[in-house]
Each structure stands twice: as C-alpha cells, then as structure tokens.
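Structure record follows, encoded as structure tokens.
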Amino acid sequence: MAIVTHHALLLRELRFAAPARVKMWKGAATLKSGGVAIELREGESFTVPPFVRFSCLAHPRLAPGKTRPAVWSLALEAHASPEMERAADASKPWARKLAAAIFDNPAADWRAARVAGMWQVTPARLRSFLFAEGESLRALVREQRVAKVLAQLACMDDAGGGFAEAGFASAASMEQACQDVIGLPPEIAQRAISLLSSASPQPAAGHHGDALRRPRYRPYF
C-alpha cells in the first residue's frame with residue numbers, strides 16, 4: 001500500500017525515531033523541516049534523519065486535460081547509518097528512546113509508573129527528563145501511535161491492523177488523533193483507517209509473482 005491523493009495533501013509534524021525514507025512513485029512532494037525544503041519528483045526519494053520533525057506536501061501532477069494523482073510511500077530503516085545519526089536530533093535522547101519503544105508496541109501500557117519502572121527512575125524523574133527536552137509523556141504517546149498508523153498506511157507492503165492495535169480506545173479517537181497530530185482531515189482519516197483495518201493478509205510464502213514486485217497501492221484520498 002501507499003498514500004494516493006488526487007489533490008494537494010499536507011501532513012505536518014511528522015516524526016519517527018528511525019530514519020524515514022519518503023519515495024515518490026507518481027506526482028511530486030515537498031518535504032520541509034525548519035527552514036529547509038526538499039523537492040521530490042517522480043521516482044525520487046529522500047531519507048529524513050531520525051527524530052527530525054518534518055512536513056510532507058504531496059501534490060498531483062497537472063497535465064492538459066487530466067490530473068495524475070500523487071503516490072508516495074514511507075519506509076522506516078531498521079538501522080541508522082553513522083551519517084544519519086550525525087544528522088539526527090541529538091538534543092532529545094530520552095524522548096527518542098521512548099518514542100522508539102512506543103512505536104514498536106503502541107498498544108502497551110505507557111503510563112508514567114510503568115515507563116519509570118522500565119527505566120528504573122521515579123515517575124517524577126521521568127517527567128523531568130522529558131520536560132527538559134521540551135516533551136511530555138502523554139503527547140509523545142499520542143504522536144507515536146499516530147506515527148504507527150501513518151507508517152502502516154504508507155508502507156509498500158500490505159499492513160493490517162486497527163485502532164486497538166495502534167493503542168486507541170476507538171476508531172473515533174484514532175481519527176481525532178490523526179487530525180490533531182498530523183493534520184489528516186477526519187473524512188480522509190475515516191476512509192484510510194477503514195482500508196487499513198480491512199487490508200488483506202500477506203500471500204503465503206512461495207507465491208511471489210511479478211505483481212508482488214510492482215508497487216502496490218490503493219486510492220485513499
């Protein structure tokens with residue numbers, strides 16, 4: 001699957017603990033972080049360093065008489081190269097460590113008492129660590145649960161799941177979080193999340209054909 005949009009779509013405040021590779025299959029996109037902008041054209045990709053906030057504005061390609069939709073995917077790299085680590089946001093080590101854990105298991109119990117126990121500190125000390133980095137536990141948990149949803153929607157492999165697997169109490173709370181955190185409009189979130197929840201499982205091993213090697217996506221937006 002990948003993100004397909006027939007109109008300009010801006011997703012803001014995206015942040016992942018791992019390097020995030022954005023690739024344009026069709027159309028174009030503008031990635032922005034701070035005062036820096038990267039323009040991606042069809043077939044191009046760019047890897048955003050770990051824990052760097054960025055926005056992605058995908059825009060269809062306009063042609064006489066028709067509009068080609070923008071199609072883009074997102075892949076998180078399992079390991080960050082030394083070059084990526086040098087470019088990462090190193091000012092928030094505690095928040096990045098916690099964000100990675102939340103992303104890996106968004107449905108877990110991420111209350112302060114449990115996290116503090118994992119790190120062998122008091123809840124007050126945990127909050128002070130995050131406060132010093134300009135973060136809060138509640139906001140970080142919500143952000144990374146939304147990040148997990150987006151990563152599933154934008155990956156090139158079929159991904160199943162639903163609001164419970166992402167750590168949300170209901171589909172409505174998941175849709176609201178997507179709107180609040182990254183600016184995904186509610187009506188778009190409803191369609192995308194519905195498709196994510198009903199995604200078909202991976203084919204059995206040994207049934208890999210040419211179709212599976214081609215980019216696969218569904219029109220979400």
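Identifiers in the structure tokens: chain A, B, ... in order shown; residue index from 1 per chain; ligand index from 1 in order shown.
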
DSSP on the backbone: what in chain A comes out alpha helix (DSSP H), as a PyMOL selection string? chain A and resi 82-87+93-104+112-119+123-132+137-154+171-182+186-197+210-213

Got time to write the residues from that selection, C-alpha atoms, as a PDB file, in the first residue's frame?
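Final file, selection14.pdb:
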```
ATOM      1  CA  PRO A  82      26.667   6.962  11.154  1.00  0.00           C
ATOM      2  CA  GLU A  83      25.826   9.726   8.698  1.00  0.00           C
ATOM      3  CA  MET A  84      22.146   9.566   9.627  1.00  0.00           C
ATOM      4  CA  GLU A  85      22.990   9.617  13.334  1.00  0.00           C
ATOM      5  CA  ARG A  86      25.085  12.739  12.855  1.00  0.00           C
ATOM      6  CA  ALA A  87      22.115  14.422  11.188  1.00  0.00           C
ATOM      7  CA  PRO A  93      17.851  11.275  23.782  1.00  0.00           C
ATOM      8  CA  TRP A  94      15.213  10.320  26.371  1.00  0.00           C
ATOM      9  CA  ALA A  95      12.288  11.275  24.143  1.00  0.00           C
ATOM     10  CA  ARG A  96      13.755   9.461  21.149  1.00  0.00           C
ATOM     11  CA  LYS A  97      14.373   6.297  23.154  1.00  0.00           C
ATOM     12  CA  LEU A  98      10.821   6.353  24.475  1.00  0.00           C
ATOM     13  CA  ALA A  99       9.359   7.176  21.049  1.00  0.00           C
ATOM     14  CA  ALA A 100      11.039   4.126  19.531  1.00  0.00           C
ATOM     15  CA  ALA A 101       9.591   1.888  22.251  1.00  0.00           C
ATOM     16  CA  ILE A 102       6.084   3.309  21.827  1.00  0.00           C
ATOM     17  CA  PHE A 103       6.219   2.943  18.049  1.00  0.00           C
ATOM     18  CA  ASP A 104       7.256  -0.708  18.341  1.00  0.00           C
ATOM     19  CA  ALA A 112       4.350   7.106  33.739  1.00  0.00           C
ATOM     20  CA  ALA A 113       4.593   4.493  36.518  1.00  0.00           C
ATOM     21  CA  ARG A 114       5.289   1.660  34.066  1.00  0.00           C
ATOM     22  CA  VAL A 115       7.785   3.619  31.965  1.00  0.00           C
ATOM     23  CA  ALA A 116       9.569   4.822  35.092  1.00  0.00           C
ATOM     24  CA  GLY A 117       9.836   1.234  36.270  1.00  0.00           C
ATOM     25  CA  MET A 118      11.350   0.203  32.929  1.00  0.00           C
ATOM     26  CA  TRP A 119      13.953   2.926  33.222  1.00  0.00           C
ATOM     27  CA  PRO A 123       7.750   8.969  37.688  1.00  0.00           C
ATOM     28  CA  ALA A 124       8.703  12.485  38.736  1.00  0.00           C
ATOM     29  CA  ARG A 125      12.229  11.970  37.430  1.00  0.00           C
ATOM     30  CA  LEU A 126      10.893  10.601  34.163  1.00  0.00           C
ATOM     31  CA  ARG A 127       8.701  13.646  33.667  1.00  0.00           C
ATOM     32  CA  SER A 128      11.625  15.935  34.455  1.00  0.00           C
ATOM     33  CA  PHE A 129      13.782  14.226  31.817  1.00  0.00           C
ATOM     34  CA  LEU A 130      11.088  14.742  29.190  1.00  0.00           C
ATOM     35  CA  PHE A 131      10.304  18.279  30.355  1.00  0.00           C
ATOM     36  CA  ALA A 132      13.968  19.248  29.965  1.00  0.00           C
ATOM     37  CA  LEU A 137       4.739  11.663  28.051  1.00  0.00           C
ATOM     38  CA  ARG A 138       1.094  11.987  27.023  1.00  0.00           C
ATOM     39  CA  ALA A 139       1.852  13.952  23.855  1.00  0.00           C
ATOM     40  CA  LEU A 140       4.683  11.609  22.892  1.00  0.00           C
ATOM     41  CA  VAL A 141       2.495   8.527  23.260  1.00  0.00           C
ATOM     42  CA  ARG A 142      -0.233  10.058  21.101  1.00  0.00           C
ATOM     43  CA  GLU A 143       2.263  11.225  18.492  1.00  0.00           C
ATOM     44  CA  GLN A 144       3.925   7.847  18.110  1.00  0.00           C
ATOM     45  CA  ARG A 145       0.635   5.972  17.947  1.00  0.00           C
ATOM     46  CA  VAL A 146      -0.350   8.216  15.049  1.00  0.00           C
ATOM     47  CA  ALA A 147       3.120   7.702  13.534  1.00  0.00           C
ATOM     48  CA  LYS A 148       2.499   3.954  13.624  1.00  0.00           C
ATOM     49  CA  VAL A 149      -0.825   4.372  11.805  1.00  0.00           C
ATOM     50  CA  LEU A 150       0.747   6.532   9.106  1.00  0.00           C
ATOM     51  CA  ALA A 151       3.696   4.171   8.678  1.00  0.00           C
ATOM     52  CA  GLN A 152       1.276   1.281   8.120  1.00  0.00           C
ATOM     53  CA  LEU A 153      -0.802   3.261   5.631  1.00  0.00           C
ATOM     54  CA  ALA A 154       2.215   4.492   3.670  1.00  0.00           C
ATOM     55  CA  ALA A 171     -11.842   4.378  15.771  1.00  0.00           C
ATOM     56  CA  ALA A 172     -13.159   7.867  16.570  1.00  0.00           C
ATOM     57  CA  SER A 173     -10.289   8.611  18.963  1.00  0.00           C
ATOM     58  CA  MET A 174      -7.824   7.349  16.356  1.00  0.00           C
ATOM     59  CA  GLU A 175      -9.309   9.613  13.673  1.00  0.00           C
ATOM     60  CA  GLN A 176      -9.248  12.605  16.025  1.00  0.00           C
ATOM     61  CA  ALA A 177      -5.617  11.963  16.930  1.00  0.00           C
ATOM     62  CA  CYS A 178      -4.647  11.766  13.248  1.00  0.00           C
ATOM     63  CA  GLN A 179      -6.314  15.125  12.701  1.00  0.00           C
ATOM     64  CA  ASP A 180      -4.801  16.784  15.771  1.00  0.00           C
ATOM     65  CA  VAL A 181      -1.252  15.465  15.432  1.00  0.00           C
ATOM     66  CA  ILE A 182      -0.543  15.437  11.683  1.00  0.00           C
ATOM     67  CA  PRO A 186     -11.427  13.443   9.625  1.00  0.00           C
ATOM     68  CA  GLU A 187     -13.193  12.321   6.448  1.00  0.00           C
ATOM     69  CA  ILE A 188      -9.861  11.248   4.944  1.00  0.00           C
ATOM     70  CA  ALA A 189      -8.813   9.534   8.161  1.00  0.00           C
ATOM     71  CA  GLN A 190     -12.059   7.547   8.202  1.00  0.00           C
ATOM     72  CA  ARG A 191     -11.521   6.189   4.697  1.00  0.00           C
ATOM     73  CA  ALA A 192      -7.831   5.466   5.246  1.00  0.00           C
ATOM     74  CA  ILE A 193      -8.335   3.757   8.592  1.00  0.00           C
ATOM     75  CA  SER A 194     -11.187   1.698   7.173  1.00  0.00           C
ATOM     76  CA  LEU A 195      -8.894   0.421   4.436  1.00  0.00           C
ATOM     77  CA  LEU A 196      -6.108  -0.237   6.922  1.00  0.00           C
ATOM     78  CA  SER A 197      -8.416  -2.280   9.131  1.00  0.00           C
ATOM     79  CA  ASP A 210       5.681 -10.181 -10.905  1.00  0.00           C
ATOM     80  CA  ALA A 211       2.610  -8.459  -9.463  1.00  0.00           C
ATOM     81  CA  LEU A 212       4.078  -8.638  -5.966  1.00  0.00           C
ATOM     82  CA  ARG A 213       7.281  -6.980  -7.107  1.00  0.00           C
TER      83      ARG A 213
END
```

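The two atoms in question, atom CA of A:Ser136 and atom CA of A:Arg12, are spaced 18.8 Å apart.
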
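Rounded to one decimal, atom CA of A:Pro50 and atom CA of A:Leu9 lie 23.0 Å from each other.
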
Closest of A:Val48, A:Ala108, A:Met24, A:Ala37 to A:Val4, counting only C-alpha atoms, is A:Met24

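Each of A:Arg111, A:Lys23, A:Lys92, A:Lys66 was checked against A:Ala2 using only C-alpha atoms; the smallest atom-to-atom distance is that of A:Lys23.
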
Just checking: using only C-alpha atoms, which residue out of A:Leu184, A:Ala18, A:Val52, A:Ile3 ends up closest to A:Glu77? A:Ala18

Given only C-alpha atoms as the basis, pick out the residue of A:Leu76, A:Ala58, A:Ala28, A:Ala107 nearest to A:Glu165. A:Ala107

Taking only stretch 68-175 of chain A into account, list the residues labelled strand (DSSP E or B) by DSSP (computed from the backbone), as a VMD selection string. chain A and resid 68 70 to 76
